[in-house]
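> Take a look at target-v7.cif, mmCIF, C-alpha atoms:
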```cif
data_run
loop_
_atom_site.label_atom_id
_atom_site.label_comp_id
_atom_site.auth_asym_id
_atom_site.auth_seq_id
_atom_site.Cartn_x
_atom_site.Cartn_y
_atom_site.Cartn_z
CA MET A 104 -78.61 35.15 -6.02
CA THR A 105 -75.30 34.47 -4.30
CA ARG A 106 -72.32 33.03 -6.08
CA LEU A 107 -72.53 29.93 -3.94
CA ALA A 108 -76.15 29.29 -5.02
CA LEU A 109 -75.18 29.80 -8.66
CA LEU A 110 -72.28 27.41 -8.25
CA LYS A 111 -74.52 24.82 -6.62
CA ARG A 112 -76.99 25.06 -9.51
CA ALA A 113 -74.20 24.81 -12.07
CA GLY A 114 -72.78 21.76 -10.29
CA LEU A 115 -76.21 20.08 -10.13
CA ALA A 116 -76.81 20.77 -13.83
CA LEU A 117 -73.36 19.44 -14.66
CA ALA A 118 -73.92 16.27 -12.63
CA THR A 119 -77.33 15.71 -14.24
CA ALA A 120 -75.91 16.23 -17.72
CA GLY A 121 -73.11 13.83 -16.92
CA ALA A 122 -75.51 11.15 -15.70
CA LEU A 123 -77.67 11.50 -18.81
CA THR A 124 -74.62 11.44 -21.03
CA LEU A 125 -73.30 8.30 -19.35
CA THR A 126 -76.70 6.61 -19.72
CA ALA A 127 -76.73 7.46 -23.41
CA CYS A 128 -73.13 6.35 -23.76
CA SER A 129 -73.94 2.77 -22.87
CA GLN A 130 -75.87 2.60 -26.14
CA ALA A 131 -73.61 4.88 -28.21
CA PRO A 132 -70.38 4.11 -30.04
CA SER A 133 -67.05 4.65 -28.30
CA ASP A 134 -66.35 8.01 -30.03
CA THR A 135 -69.58 9.49 -28.74
CA ALA A 136 -68.71 8.37 -25.22
CA ASN A 137 -65.29 10.01 -25.52
CA GLN A 138 -66.87 13.25 -26.76
CA ALA A 139 -69.34 13.22 -23.88
CA GLY A 140 -66.50 12.59 -21.43
CA GLU A 141 -64.56 15.54 -22.83
CA ALA A 142 -67.63 17.77 -22.58
CA LEU A 143 -68.13 16.69 -18.98
CA LYS A 144 -64.46 17.36 -18.22
CA ASP A 145 -64.69 20.84 -19.78
CA GLY A 146 -67.81 21.61 -17.76
CA ALA A 147 -66.12 20.49 -14.56
CA ALA A 148 -63.11 22.69 -15.33
CA ALA A 149 -65.40 25.69 -15.89
CA THR A 150 -67.19 25.00 -12.62
CA GLY A 151 -63.83 24.73 -10.85
CA GLU A 152 -62.79 28.12 -12.23
CA ALA A 153 -66.08 29.66 -11.09
CA ILE A 154 -65.56 28.26 -7.60
CA LYS A 155 -61.99 29.58 -7.53
CA ASP A 156 -63.15 33.05 -8.64
CA GLY A 157 -65.90 33.03 -6.00
CA ALA A 158 -63.42 32.04 -3.30
CA ALA A 159 -61.03 34.81 -4.33
CA ALA A 160 -63.83 37.38 -4.22
CA THR A 161 -64.89 36.13 -0.79
CA GLY A 162 -61.29 36.34 0.45
CA ASP A 163 -60.97 39.92 -0.80
CA ALA A 164 -64.23 40.89 0.89
CA ALA A 165 -63.08 39.31 4.16
CA LYS A 166 -59.77 41.16 3.98
CA GLN A 167 -61.54 44.48 3.40
CA ALA A 168 -63.90 43.81 6.31
CA ALA A 169 -60.99 42.94 8.58
CA THR A 170 -59.17 46.14 7.58
CA ALA A 171 -62.27 48.23 8.26
CA THR A 172 -62.77 46.52 11.63
CA GLY A 173 -59.11 47.10 12.53
CA GLN A 174 -59.38 50.77 11.60
CA ALA A 175 -62.52 51.13 13.72
CA ALA A 176 -60.79 49.52 16.73
CA LEU A 177 -57.66 51.58 16.18
CA ALA A 178 -59.30 55.01 16.02
CA PRO A 179 -60.21 55.38 19.73
CA ALA A 180 -56.61 54.57 20.71
CA VAL A 181 -54.78 56.52 18.01
CA ASN A 182 -56.89 59.68 17.75
CA PRO A 183 -56.12 61.10 21.23
CA VAL A 184 -52.39 60.52 20.64
CA LEU A 185 -52.58 62.18 17.22
CA ASP A 186 -54.53 65.10 18.70
CA LEU A 187 -51.89 65.66 21.37
CA LEU A 188 -49.05 65.44 18.85
CA LYS A 189 -50.76 67.87 16.47
CA THR A 190 -51.47 70.33 19.29
CA ALA A 191 -47.83 70.27 20.42
CA GLU A 192 -46.64 70.56 16.83
CA GLY A 193 -48.86 73.63 16.39
CA ASP A 194 -47.41 75.15 19.56
CA ILE A 195 -43.87 74.61 18.30
CA LYS A 196 -44.66 76.17 14.93
CA ALA A 197 -46.25 79.14 16.72
CA GLY A 198 -43.08 79.61 18.77
CA ASN A 199 -44.62 78.33 22.00
CA LEU A 200 -42.06 75.66 22.88
CA ALA A 201 -42.94 75.82 26.58
CA GLY A 202 -46.59 75.10 25.76
CA ALA A 203 -45.58 72.13 23.63
CA VAL A 204 -43.32 70.75 26.37
CA THR A 205 -46.11 71.16 28.94
CA ALA A 206 -48.67 69.44 26.70
CA MET A 207 -46.28 66.60 25.88
CA GLY A 208 -45.74 66.00 29.60
CA GLY A 209 -48.92 63.90 29.44
CA PHE A 210 -47.75 61.88 26.45
CA GLU A 211 -46.15 58.98 28.33
CA GLY A 212 -49.31 58.20 30.35
CA LEU A 213 -51.49 58.47 27.26
CA TRP A 214 -49.12 56.22 25.34
CA GLN A 215 -49.13 53.60 28.10
CA LYS A 216 -52.91 53.31 27.69
CA ALA A 217 -52.98 53.49 23.89
CA SER A 218 -50.01 51.32 22.91
CA PRO A 219 -51.49 47.95 24.04
CA VAL A 220 -54.42 48.57 21.67
CA ILE A 221 -52.28 49.89 18.84
CA GLN A 222 -49.58 47.19 18.91
CA PRO A 223 -51.63 44.17 17.76
CA LEU A 224 -53.38 46.22 15.10
CA ALA A 225 -50.17 47.80 13.79
CA GLY A 226 -48.73 44.52 12.54
CA ASP A 227 -45.32 44.90 10.94
CA LYS A 228 -45.49 48.70 11.37
CA TRP A 229 -45.28 48.41 15.15
CA GLY A 230 -41.46 48.56 15.24
CA ALA A 231 -41.37 52.01 13.61
CA VAL A 232 -44.27 53.30 15.73
CA ASP A 233 -42.74 52.03 18.97
CA MET A 234 -39.30 53.43 18.18
CA ALA A 235 -40.79 56.86 17.35
CA ALA A 236 -42.87 56.81 20.56
CA LYS A 237 -39.77 56.04 22.62
CA ALA A 238 -38.02 58.99 20.96
CA VAL A 239 -40.93 61.26 21.95
CA ILE A 240 -40.83 59.97 25.53
CA SER A 241 -37.09 60.54 25.83
CA THR A 242 -37.34 63.98 24.21
CA PHE A 243 -40.14 65.18 26.49
CA GLY A 244 -39.43 63.00 29.56
CA ALA A 245 -39.23 64.38 33.08
CA GLY A 246 -36.78 67.23 33.34
CA ALA A 247 -35.96 67.28 29.61
CA LYS A 248 -35.61 70.67 27.99
CA PRO A 249 -35.65 70.05 24.23
CA ASP A 250 -35.01 72.78 21.74
CA ALA A 251 -37.61 73.47 19.04
CA ALA A 252 -35.77 71.39 16.42
CA ALA A 253 -35.51 68.28 18.64
CA ALA A 254 -39.10 68.63 19.83
CA GLY A 255 -40.44 69.08 16.31
CA SER A 256 -38.38 66.18 15.00
CA ALA A 257 -39.60 63.80 17.73
CA ILE A 258 -43.23 64.79 17.19
CA SER A 259 -43.12 64.52 13.39
CA GLY A 260 -41.25 61.21 13.74
CA LEU A 261 -44.29 59.72 15.48
CA LEU A 262 -46.98 61.65 13.63
CA GLY A 263 -45.92 60.09 10.31
CA PRO A 264 -46.22 56.40 11.18
CA LEU A 265 -49.28 56.87 13.42
CA SER A 266 -51.12 58.90 10.78
CA ALA A 267 -50.31 56.27 8.15
CA LEU A 268 -51.52 53.53 10.48
CA ALA A 269 -54.76 55.39 11.11
CA GLY A 270 -55.21 56.04 7.39
CA LYS A 271 -55.00 59.81 7.77
#
```
Now, as a test, write the supplied structure out as structure tokens.

Amino acid sequence: MTRLALLKRAGLALATAGALTLTACSQAPSDTANQAGEALKDGAAATGEAIKDGAAATGDAAKQAATATGQAALAPAVNPVLDLLKTAEGDIKAGNLAGAVTAMGGFEGLWQKASPVIQPLAGDKWGAVDMAAKAVISTFGAGAKPDAAAAGSAISGLLGPLSALAGK
């Protein structure tokens, strides 16, 4: 049974108990009416807490679903970029700087397609991702001849934030 159904039943029971208590109160002394009122107030407070707890749980579930949906939408845009960066990084580590530079020649076009998808899903992390991507573009842009240190630094500078964004 869902929390909402349980809360509805609790509220109905509370309302019924309150109505019966008020009916009995018209024939009871004042102290009994006050005690019944306090009991009704306590029951209402407990119901309010249950509703608040249910709302918090629903909010957490919605947040988790939104995160999972964002990750699913992000993967097709981020994964090709990450694959290219990791390939070029491997080339640099293997001493094949020319291979890395050649591979990264396609980065700017890939980034132009991926960035419009990544930006809205990156949230407040977009600034760091965008700045690192611009560094990669300037490092490997047309005619650039980076050394291994500059190339590796540019690649790792973007790999970090993109991997964190993709949850990898």
> Report, in Å to a single decimal, how far apart CA of Lys248 in chain A and CA of Asp194 in chain A are.
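Separation of CA of Asp194 in chain A and CA of Lys248 in chain A: 15.2 Å.
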> Since I can't run it myself right now, could you work out what the PyMOL selection byres ((chain A and resi 210) around 12) selects here and report it as a ChimeraX atom specification?
/A:183-188,190-191,203-209,211-218,236-245,258,261
> Just to confirm, what's the straight-line distance from CA of Gln222 in chain A to CA of Pro264 in chain A in Å (one decimal)?
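Going from CA of Gln222 in chain A over to CA of Pro264 in chain A, I get 12.5 Å.
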> Can you measure CA of Pro223 in chain A to CA of Gly255 in chain A for me? One decimal in Å is fine.
27.3 Å
> Please determine, counting only C-alpha atoms, which residue among A:Leu262, A:Ala254, A:Ala269, A:Ile221 has the shortest atom-to-atom distance to Gly202 in chain A.
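Using only C-alpha atoms, the shortest distance to Gly202 in chain A belongs to A:Ala254.
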> Adding 5 Å on each side of the box along x, y and z that holds all listed atoms of range 178-182 of chain A, could you give its centre and edge lengths in Å to one decimal, as JSON?

```
{"center_x": -57.5, "center_y": 57.1, "center_z": 18.4, "size_x": 15.4, "size_y": 15.1, "size_z": 14.7}
```
> Go through A:Ala225, A:Ala176, A:Val220, A:Ala251 one by one, measure the shortest atom-to-atom distance of each to Leu268 in chain A using all atoms listed in the file, and give the residue with the smallest value.
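Of A:Ala225, A:Ala176, A:Val220, A:Ala251, the one nearest Leu268 in chain A, counting all atoms listed in the file, is A:Ala225.
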> Pick the closest to Ala247 in chain A from A:Lys228, A:Ala267, A:Pro219, A:Ala201: which is it, counting all atoms listed in the file?
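Residue with the minimum atom-to-atom distance to Ala247 in chain A: A:Ala201.
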> My list of candidates is A:Ile195, A:Leu200, A:Met234, A:Leu224. Which is closest to Ala180 in chain A when distances are computed with all atoms listed in the file?
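Of all the options, A:Leu224 lies closest to Ala180 in chain A.
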